[in-house]
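One file, upload_19.csv, is given below (CSV, C-alpha atoms).
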chain,number,residue,atom,x,y,z
Q,1,MET,CA,-14.8,-25.5,10.5
Q,2,LYS,CA,-16.7,-27.3,13.2
Q,3,ASP,CA,-15.3,-30.0,15.5
Q,4,ILE,CA,-16.7,-33.5,15.7
Q,5,ASN,CA,-15.7,-35.0,19.0
Q,6,ILE,CA,-15.8,-38.8,19.0
Q,7,ILE,CA,-16.2,-40.0,22.6
Q,8,LEU,CA,-14.3,-43.3,23.1
Q,9,PHE,CA,-13.8,-45.9,25.8
Q,10,ASP,CA,-12.3,-49.4,25.9
Q,11,ASP,CA,-14.4,-52.1,24.2
Q,12,PHE,CA,-16.5,-49.8,22.1
Q,13,THR,CA,-17.9,-51.3,18.9
Q,14,THR,CA,-15.6,-50.3,16.0
Q,15,LEU,CA,-18.3,-49.6,13.4
Q,16,ASP,CA,-20.4,-47.7,15.9
Q,17,ALA,CA,-17.8,-45.0,15.8
Q,18,MET,CA,-16.1,-45.5,12.5
Q,19,GLY,CA,-19.3,-45.6,10.4
Q,20,PRO,CA,-20.2,-42.0,11.3
Q,21,VAL,CA,-16.5,-41.1,11.1
Q,22,GLU,CA,-16.5,-42.2,7.4
Q,23,VAL,CA,-19.6,-40.2,6.7
Q,24,PHE,CA,-18.2,-37.0,8.2
Q,25,ARG,CA,-14.8,-37.6,6.7
Q,26,CYS,CA,-16.4,-36.9,3.4
Q,27,LEU,CA,-17.1,-33.3,4.7
Q,28,GLU,CA,-13.5,-32.6,5.7
Q,29,LYS,CA,-13.7,-29.0,4.6
Q,30,MET,CA,-16.5,-28.5,7.1
Q,31,TYR,CA,-15.6,-30.7,10.0
Q,32,GLU,CA,-12.5,-31.7,11.9
Q,33,ILE,CA,-12.7,-35.1,13.5
Q,34,ASN,CA,-11.1,-35.6,17.0
Q,35,PHE,CA,-11.0,-38.6,19.3
Q,36,TYR,CA,-11.4,-38.2,23.0
Q,37,SER,CA,-11.4,-40.4,26.1
Q,38,ILE,CA,-11.7,-39.6,29.7
Q,39,ASP,CA,-8.0,-39.8,30.4
Q,40,GLY,CA,-6.5,-39.4,26.9
Q,41,LYS,CA,-4.9,-42.8,26.7
Q,42,ASP,CA,-5.0,-45.2,23.8
Q,43,VAL,CA,-8.4,-46.9,23.6
Q,44,LYS,CA,-9.1,-50.4,22.1
Q,45,SER,CA,-12.3,-51.3,20.3
Q,46,ASN,CA,-14.0,-54.7,20.4
Q,47,SER,CA,-12.0,-55.7,17.3
Q,48,ASN,CA,-8.7,-54.7,18.9
Q,49,LEU,CA,-8.4,-51.4,16.9
Q,50,CYS,CA,-6.3,-49.1,18.9
Q,51,ILE,CA,-7.1,-45.3,18.7
Q,52,ARG,CA,-4.9,-42.6,20.1
Q,53,THR,CA,-7.1,-40.1,22.0
Q,54,LYS,CA,-6.9,-36.8,23.8
Q,55,PRO,CA,-8.4,-36.3,27.2
Q,56,PHE,CA,-11.9,-34.8,27.6
Q,57,SER,CA,-10.3,-31.8,29.2
Q,58,GLU,CA,-8.8,-30.8,25.8
Q,59,ILE,CA,-12.0,-30.5,23.9
Q,60,ARG,CA,-11.9,-27.1,22.3
Q,61,ASN,CA,-15.2,-26.6,20.6
Q,62,TYR,CA,-18.5,-28.3,21.5
Q,63,ASP,CA,-20.0,-28.6,18.1
Q,64,LEU,CA,-20.9,-32.3,17.7
Q,65,ALA,CA,-20.4,-35.2,20.1
Q,66,VAL,CA,-20.6,-38.8,18.9
Q,67,ILE,CA,-21.1,-41.6,21.4
Q,68,PRO,CA,-20.6,-45.2,20.2
Q,69,GLY,CA,-21.9,-48.3,22.0
Q,70,GLY,CA,-20.4,-51.7,22.7
Q,71,MET,CA,-19.8,-54.0,25.6
Q,72,GLY,CA,-17.7,-51.2,27.2
Q,73,THR,CA,-21.0,-49.4,28.0
Q,74,ARG,CA,-22.0,-52.2,30.4
Q,75,SER,CA,-19.6,-51.1,33.1
Q,76,LEU,CA,-19.6,-47.3,32.3
Q,77,VAL,CA,-23.3,-46.9,33.0
Q,78,SER,CA,-22.3,-47.4,36.7
Q,79,ASP,CA,-19.2,-45.1,36.5
Q,80,TYR,CA,-20.5,-41.9,38.1
Q,81,TYR,CA,-17.3,-40.0,37.3
Q,82,PHE,CA,-17.5,-40.9,33.6
Q,83,ILE,CA,-21.2,-40.1,33.4
Q,84,GLU,CA,-20.8,-36.7,34.9
Q,85,LYS,CA,-18.0,-35.8,32.5
Q,86,LEU,CA,-20.1,-37.1,29.6
Q,87,LYS,CA,-23.1,-35.0,30.8
Q,88,ASN,CA,-20.9,-31.9,30.8
Q,89,ILE,CA,-19.8,-32.5,27.3
Q,90,CYS,CA,-23.3,-33.2,26.0
Q,91,GLU,CA,-24.8,-30.2,27.7
Q,92,LYS,CA,-22.3,-27.9,26.0
Q,93,SER,CA,-22.5,-29.6,22.6
Q,94,GLU,CA,-24.6,-28.1,19.8
Q,95,ASN,CA,-25.6,-31.6,18.8
Q,96,VAL,CA,-25.2,-35.1,20.2
Q,97,LEU,CA,-25.3,-38.4,18.3
Q,98,SER,CA,-25.3,-41.8,20.0
Q,99,VAL,CA,-25.0,-45.1,18.2
Q,100,CYS,CA,-26.3,-48.4,19.5
Q,101,THR,CA,-25.9,-48.8,23.3
Q,102,GLY,CA,-24.2,-45.4,23.4
Q,103,SER,CA,-27.8,-44.2,24.2
Q,104,ALA,CA,-27.6,-46.0,27.5
Q,105,LEU,CA,-24.7,-43.8,28.5
Q,106,LEU,CA,-26.5,-40.7,27.3
Q,107,ALA,CA,-29.7,-41.8,29.1
Q,108,LYS,CA,-27.7,-42.2,32.4
Q,109,THR,CA,-26.8,-38.5,32.2
Q,110,GLY,CA,-30.5,-37.6,32.5
Q,111,LEU,CA,-30.4,-35.4,29.4
Q,112,LEU,CA,-32.8,-37.7,27.6
Q,113,ASN,CA,-35.4,-37.6,30.3
Q,114,GLY,CA,-38.8,-36.9,28.6
Q,115,ARG,CA,-37.3,-37.2,25.2
Q,116,LYS,CA,-37.7,-39.8,22.5
Q,117,ALA,CA,-34.7,-42.1,21.8
Q,118,THR,CA,-33.8,-45.5,20.6
Q,119,SER,CA,-31.0,-48.1,20.7
Q,120,ASN,CA,-29.8,-51.5,19.6
Q,121,LYS,CA,-33.0,-53.6,19.5
Q,122,MET,CA,-31.1,-56.8,20.7
Q,123,ALA,CA,-30.0,-54.8,23.8
Q,124,LEU,CA,-33.1,-52.6,24.2
Q,125,ASN,CA,-34.4,-54.2,27.4
Q,126,TRP,CA,-31.1,-53.6,29.1
Q,127,VAL,CA,-30.9,-50.0,27.8
Q,128,ILE,CA,-34.4,-49.3,29.0
Q,129,GLU,CA,-33.4,-50.5,32.5
Q,130,GLN,CA,-30.8,-47.8,32.6
Q,131,ASN,CA,-33.4,-45.0,32.6
Q,132,ASN,CA,-37.2,-45.5,32.3
Q,133,GLU,CA,-37.8,-41.7,32.1
Q,134,VAL,CA,-36.7,-41.8,28.5
Q,135,ILE,CA,-39.5,-42.3,25.9
Q,136,TRP,CA,-37.9,-45.3,24.3
Q,137,GLN,CA,-38.9,-46.0,20.7
Q,138,LYS,CA,-39.0,-49.8,20.1
Q,139,LYS,CA,-39.3,-49.4,16.4
Q,140,ALA,CA,-37.0,-46.8,14.9
Q,141,ARG,CA,-33.8,-46.9,12.8
Q,142,TRP,CA,-32.9,-43.6,14.4
Q,143,VAL,CA,-34.7,-40.9,16.4
Q,144,VAL,CA,-34.3,-37.1,16.5
Q,145,ASP,CA,-35.5,-35.1,19.5
Q,146,GLY,CA,-34.1,-31.6,19.8
Q,147,LYS,CA,-30.3,-31.7,19.5
Q,148,TYR,CA,-30.2,-35.4,20.3
Q,149,TYR,CA,-29.9,-38.1,17.6
Q,150,THR,CA,-30.0,-41.7,18.8
Q,151,SER,CA,-29.7,-44.7,16.5
Q,152,SER,CA,-30.4,-48.4,16.6
Q,153,GLY,CA,-27.5,-51.0,16.4
Q,154,ILE,CA,-24.2,-50.5,14.7
Q,155,THR,CA,-24.9,-49.8,10.9
Q,156,ALA,CA,-27.9,-47.7,11.9
Q,157,GLY,CA,-25.3,-45.1,13.0
Q,158,ILE,CA,-24.3,-44.6,9.3
Q,159,ASP,CA,-28.0,-44.0,8.4
Q,160,MET,CA,-28.3,-41.6,11.3
Q,161,ALA,CA,-25.1,-39.7,10.3
Q,162,LEU,CA,-26.4,-39.4,6.8
Q,163,GLY,CA,-29.7,-38.2,8.2
Q,164,PHE,CA,-27.9,-35.6,10.3
Q,165,VAL,CA,-26.1,-34.4,7.1
Q,166,LYS,CA,-29.4,-34.1,5.3
Q,167,ASP,CA,-30.9,-32.1,8.2
Q,168,LYS,CA,-28.0,-29.8,8.7
Q,169,ILE,CA,-26.5,-29.4,5.2
Q,170,SER,CA,-28.6,-30.8,2.4
Q,171,GLU,CA,-30.2,-34.0,1.1
Q,172,ASP,CA,-28.0,-33.8,-1.9
Q,173,SER,CA,-24.9,-33.8,0.3
Q,174,ALA,CA,-26.1,-36.9,2.1
Q,175,ARG,CA,-26.9,-38.7,-1.2
Q,176,LYS,CA,-23.5,-37.9,-2.6
Q,177,ILE,CA,-21.8,-39.2,0.5
Q,178,ALA,CA,-23.8,-42.4,0.4
Q,179,ILE,CA,-22.7,-42.9,-3.2
Q,180,ALA,CA,-19.1,-42.1,-2.4
Q,181,LEU,CA,-19.2,-44.8,0.3
Q,182,GLU,CA,-21.1,-47.2,-2.0
Q,183,TYR,CA,-23.7,-47.5,0.8
Q,184,ILE,CA,-27.4,-48.1,0.4
Q,185,TRP,CA,-28.8,-45.5,2.7
Q,186,ASN,CA,-32.0,-46.4,4.7
Q,187,GLU,CA,-33.4,-42.9,4.5
Q,188,ASP,CA,-36.6,-43.7,6.5
Q,189,SER,CA,-35.8,-43.3,10.2
Q,190,GLU,CA,-39.0,-45.4,11.0
Q,191,ASN,CA,-38.0,-48.3,8.7
Q,192,ASP,CA,-36.7,-50.6,11.3
Q,193,GLU,CA,-36.4,-54.3,10.2
Q,194,PHE,CA,-34.7,-55.2,13.4
Q,195,ALA,CA,-37.5,-54.0,15.7
Q,196,VAL,CA,-38.6,-56.6,18.3
Q,197,LYS,CA,-41.8,-58.1,17.1

For the file at hand, write its structure as structure tokens.
Amino acid sequence: MKDINIILFDDFTTLDAMGPVEVFRCLEKMYEINFYSIDGKDVKSNSNLCIRTKPFSEIRNYDLAVIPGGMGTRSLVSDYYFIEKLKNICEKSENVLSVCTGSALLAKTGLLNGRKATSNKMALNWVIEQNNEVIWQKKARWVVDGKYYTSSGITAGIDMALGFVKDKISEDSARKIAIALEYIWNEDSENDEFAVK
């Protein structure tokens, strides 16, 4: 069984994290989902959802890291201590998925330098300002470059998580999960209706 490490912080966008969580929950025989924050305290999302977390120091296996976005990213991009801890986690992880402006945090680590990535299109200009050495994709529902998966805004994280399942397990598994969630999966990573015109 592999570990999915959800990286949380105050004022993250609820669905950024919980969308992928629901996808991976359908594979509970393959993955164990854990919630982590820098200090292991309770974390509140933008919708006041309170999540009990464990500290980064207690991460056991670096299989898959998921980084949500949200308004909390606005201050964290300037938090050197947090970014260094996040970089350490992402370097060790077999795969890293970021949702929405979570890619701004990932970009700040420098690990996306020279790689293709995307983010929430409504916040894309701000995200690009965080690191212009990333090859930002202005039209993409999600992007895969090596072990890094980055998605556009909020619900795009569900599409990306299903895409990850397709890549790592099977297309049939991804389709069955979408059906179980009664979710209409946007299977085309380049089909981005929210791209800035």

Produce a table with one row for each residue of stretch 37-115 of chain Q that has an atom at most 8 Å from any atom of stretch 156-180 of chain Q, each row naming the nearest atom pair and its distance in Å at one decimal; use only C-alpha atoms; arrange rows by chain and rising residue number; format as a Markdown table.
| residue | atom | partner | partner_atom | distance |
| --- | --- | --- | --- | --- |
| Q:Ser98 | CA | Q:Gly157 | CA | 7.7 |
| Q:Val99 | CA | Q:Gly157 | CA | 5.2 |
| Q:Cys100 | CA | Q:Gly157 | CA | 7.4 |

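Compared by their closest atoms to Q:Leu111, and using all atoms listed in the file, the residues Q:Val127, Q:Leu76, Q:Cys90, Q:Ile135 rank with Q:Cys90 nearest.
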
Can you write out as JSON lines which residues of stretch 47-100 of chain Q fall within 6 Å of stretch 2-21 of chain Q, alongside each residue's closest atom pair and its distance in Å to one decimal, counting all atoms listed in the file and ordering rows by chain and ascending residue number?
{"residue": "Q:Asp63", "atom": "CA", "partner": "Q:Asp3", "partner_atom": "CA", "distance": 5.6}
{"residue": "Q:Leu64", "atom": "CA", "partner": "Q:Ile4", "partner_atom": "CA", "distance": 4.8}
{"residue": "Q:Ala65", "atom": "CA", "partner": "Q:Asn5", "partner_atom": "CA", "distance": 4.8}
{"residue": "Q:Val66", "atom": "CA", "partner": "Q:Ile6", "partner_atom": "CA", "distance": 4.8}
{"residue": "Q:Ile67", "atom": "CA", "partner": "Q:Ile7", "partner_atom": "CA", "distance": 5.3}
{"residue": "Q:Pro68", "atom": "CA", "partner": "Q:Asp16", "partner_atom": "CA", "distance": 5.0}
{"residue": "Q:Gly69", "atom": "CA", "partner": "Q:Phe12", "partner_atom": "CA", "distance": 5.6}
{"residue": "Q:Gly70", "atom": "CA", "partner": "Q:Phe12", "partner_atom": "CA", "distance": 4.4}
{"residue": "Q:Met71", "atom": "CA", "partner": "Q:Asp11", "partner_atom": "CA", "distance": 5.9}
{"residue": "Q:Gly72", "atom": "CA", "partner": "Q:Asp11", "partner_atom": "CA", "distance": 4.5}
{"residue": "Q:Val99", "atom": "CA", "partner": "Q:Asp16", "partner_atom": "CA", "distance": 5.8}

**Request:** Considering only C-alpha atoms, return as a ChimeraX atom specification whatever protein or nucleic-acid residues lie within 9 Å of Q:Asp145, sequence-local ones (same chain, fewer than 5 positions apart) excluded.
**Result:** /Q:112,115-117,150

**Message:** Using Å and a single decimal, report how far atom CA of Q:Thr109 sits from atom CA of Q:Val144.
**Reply:**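 About the pair atom CA of Q:Val144 and atom CA of Q:Thr109: they are 17.5 Å apart.
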
**Item:** From Q:Asn88, Q:Ser119, Q:Thr53, Q:Gln137, residue lying nearest Q:Tyr36 [only C-alpha atoms]
**Value:**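 Result for the nearest residue to Q:Tyr36: Q:Thr53.
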
**Request:** Select, from Q:Met30, Q:Met122, Q:Leu106, Q:Val96, the residue with the minimum atom-to-atom distance to Q:Gly146, counting only C-alpha atoms.
**Result:**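 When distances to Q:Gly146 are compared using only C-alpha atoms, the smallest one comes from Q:Val96.
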
Given 3 Å on each side, where is the centre and what are the edge lengths in Å to one decimal of the axis-aligned box enclosing the listed atoms of stretch 108-123 of chain Q, as JSON?
{"center_x": -32.8, "center_y": -46.1, "center_z": 26.0, "size_x": 18.0, "size_y": 27.4, "size_z": 19.0}

**Asked** What does the distance between atom CA of Q:Val77 and atom CA of Q:Lys108 come to in Å, to one decimal place?
**Response**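 Straight-line distance from atom CA of Q:Val77 to atom CA of Q:Lys108 works out to 6.5 Å.
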
Could I see stretch 14-41 of chain Q restored to N, CA and C atoms, set down as a PDB file, in the frame of the given file?
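So the final result, stored in part.pdb, reads:
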ATOM      1  N   THR Q  14     -16.396 -51.054  17.025  1.00  0.00           N
ATOM      2  CA  THR Q  14     -15.600 -50.300  16.000  1.00  0.00           C
ATOM      3  C   THR Q  14     -16.520 -49.559  15.046  1.00  0.00           C
ATOM      4  N   LEU Q  15     -17.480 -50.247  14.449  1.00  0.00           N
ATOM      5  CA  LEU Q  15     -18.300 -49.600  13.400  1.00  0.00           C
ATOM      6  C   LEU Q  15     -19.255 -48.569  13.985  1.00  0.00           C
ATOM      7  N   ASP Q  16     -19.613 -48.689  15.251  1.00  0.00           N
ATOM      8  CA  ASP Q  16     -20.400 -47.700  15.900  1.00  0.00           C
ATOM      9  C   ASP Q  16     -19.796 -46.285  15.729  1.00  0.00           C
ATOM     10  N   ALA Q  17     -18.487 -46.250  15.933  1.00  0.00           N
ATOM     11  CA  ALA Q  17     -17.800 -45.000  15.800  1.00  0.00           C
ATOM     12  C   ALA Q  17     -17.309 -44.704  14.405  1.00  0.00           C
ATOM     13  N   MET Q  18     -16.742 -45.720  13.757  1.00  0.00           N
ATOM     14  CA  MET Q  18     -16.100 -45.500  12.500  1.00  0.00           C
ATOM     15  C   MET Q  18     -17.091 -45.345  11.305  1.00  0.00           C
ATOM     16  N   GLY Q  19     -18.309 -45.858  11.458  1.00  0.00           N
ATOM     17  CA  GLY Q  19     -19.300 -45.600  10.400  1.00  0.00           C
ATOM     18  C   GLY Q  19     -19.615 -44.139  10.279  1.00  0.00           C
ATOM     19  N   PRO Q  20     -20.041 -43.465  11.361  1.00  0.00           N
ATOM     20  CA  PRO Q  20     -20.200 -42.000  11.300  1.00  0.00           C
ATOM     21  C   PRO Q  20     -18.959 -41.259  10.916  1.00  0.00           C
ATOM     22  N   VAL Q  21     -17.799 -41.723  11.403  1.00  0.00           N
ATOM     23  CA  VAL Q  21     -16.500 -41.100  11.100  1.00  0.00           C
ATOM     24  C   VAL Q  21     -16.346 -41.039   9.550  1.00  0.00           C
ATOM     25  N   GLU Q  22     -16.629 -42.140   8.881  1.00  0.00           N
ATOM     26  CA  GLU Q  22     -16.500 -42.200   7.400  1.00  0.00           C
ATOM     27  C   GLU Q  22     -17.441 -41.239   6.719  1.00  0.00           C
ATOM     28  N   VAL Q  23     -18.646 -41.109   7.269  1.00  0.00           N
ATOM     29  CA  VAL Q  23     -19.600 -40.200   6.700  1.00  0.00           C
ATOM     30  C   VAL Q  23     -19.070 -38.740   6.823  1.00  0.00           C
ATOM     31  N   PHE Q  24     -18.645 -38.356   8.020  1.00  0.00           N
ATOM     32  CA  PHE Q  24     -18.200 -37.000   8.200  1.00  0.00           C
ATOM     33  C   PHE Q  24     -16.837 -36.697   7.602  1.00  0.00           C
ATOM     34  N   ARG Q  25     -16.044 -37.743   7.388  1.00  0.00           N
ATOM     35  CA  ARG Q  25     -14.800 -37.600   6.700  1.00  0.00           C
ATOM     36  C   ARG Q  25     -14.971 -37.023   5.295  1.00  0.00           C
ATOM     37  N   CYS Q  26     -16.104 -37.349   4.703  1.00  0.00           N
ATOM     38  CA  CYS Q  26     -16.400 -36.900   3.400  1.00  0.00           C
ATOM     39  C   CYS Q  26     -16.727 -35.365   3.346  1.00  0.00           C
ATOM     40  N   LEU Q  27     -16.809 -34.773   4.527  1.00  0.00           N
ATOM     41  CA  LEU Q  27     -17.100 -33.300   4.700  1.00  0.00           C
ATOM     42  C   LEU Q  27     -15.888 -32.659   5.344  1.00  0.00           C
ATOM     43  N   GLU Q  28     -14.682 -33.077   4.968  1.00  0.00           N
ATOM     44  CA  GLU Q  28     -13.500 -32.600   5.700  1.00  0.00           C
ATOM     45  C   GLU Q  28     -13.229 -31.129   5.602  1.00  0.00           C
ATOM     46  N   LYS Q  29     -13.859 -30.437   4.652  1.00  0.00           N
ATOM     47  CA  LYS Q  29     -13.700 -29.000   4.600  1.00  0.00           C
ATOM     48  C   LYS Q  29     -14.617 -28.283   5.587  1.00  0.00           C
ATOM     49  N   MET Q  30     -15.571 -29.048   6.137  1.00  0.00           N
ATOM     50  CA  MET Q  30     -16.500 -28.500   7.100  1.00  0.00           C
ATOM     51  C   MET Q  30     -16.299 -28.927   8.514  1.00  0.00           C
ATOM     52  N   TYR Q  31     -15.760 -30.133   8.642  1.00  0.00           N
ATOM     53  CA  TYR Q  31     -15.600 -30.700  10.000  1.00  0.00           C
ATOM     54  C   TYR Q  31     -14.212 -31.252  10.213  1.00  0.00           C
ATOM     55  N   GLU Q  32     -13.746 -31.103  11.451  1.00  0.00           N
ATOM     56  CA  GLU Q  32     -12.500 -31.700  11.900  1.00  0.00           C
ATOM     57  C   GLU Q  32     -12.860 -32.809  12.902  1.00  0.00           C
ATOM     58  N   ILE Q  33     -12.383 -34.013  12.683  1.00  0.00           N
ATOM     59  CA  ILE Q  33     -12.700 -35.100  13.500  1.00  0.00           C
ATOM     60  C   ILE Q  33     -11.624 -35.339  14.595  1.00  0.00           C
ATOM     61  N   ASN Q  34     -12.044 -35.420  15.850  1.00  0.00           N
ATOM     62  CA  ASN Q  34     -11.100 -35.600  17.000  1.00  0.00           C
ATOM     63  C   ASN Q  34     -11.610 -36.765  17.835  1.00  0.00           C
ATOM     64  N   PHE Q  35     -10.675 -37.500  18.423  1.00  0.00           N
ATOM     65  CA  PHE Q  35     -11.000 -38.600  19.300  1.00  0.00           C
ATOM     66  C   PHE Q  35     -10.621 -38.333  20.711  1.00  0.00           C
ATOM     67  N   TYR Q  36     -11.586 -38.526  21.611  1.00  0.00           N
ATOM     68  CA  TYR Q  36     -11.400 -38.200  23.000  1.00  0.00           C
ATOM     69  C   TYR Q  36     -11.755 -39.391  23.910  1.00  0.00           C
ATOM     70  N   SER Q  37     -11.039 -39.510  25.017  1.00  0.00           N
ATOM     71  CA  SER Q  37     -11.400 -40.400  26.100  1.00  0.00           C
ATOM     72  C   SER Q  37     -11.240 -39.726  27.396  1.00  0.00           C
ATOM     73  N   ILE Q  38     -11.717 -40.314  28.461  1.00  0.00           N
ATOM     74  CA  ILE Q  38     -11.700 -39.600  29.700  1.00  0.00           C
ATOM     75  C   ILE Q  38     -10.308 -39.232  30.200  1.00  0.00           C
ATOM     76  N   ASP Q  39      -9.314 -40.088  29.912  1.00  0.00           N
ATOM     77  CA  ASP Q  39      -8.000 -39.800  30.400  1.00  0.00           C
ATOM     78  C   ASP Q  39      -6.944 -39.587  29.250  1.00  0.00           C
ATOM     79  N   GLY Q  40      -7.409 -39.644  27.994  1.00  0.00           N
ATOM     80  CA  GLY Q  40      -6.500 -39.400  26.900  1.00  0.00           C
ATOM     81  C   GLY Q  40      -5.550 -40.478  26.533  1.00  0.00           C
ATOM     82  N   LYS Q  41      -5.817 -41.668  27.033  1.00  0.00           N
ATOM     83  CA  LYS Q  41      -4.900 -42.800  26.700  1.00  0.00           C
ATOM     84  C   LYS Q  41      -5.371 -43.475  25.427  1.00  0.00           C
TER      85      LYS Q  41
END
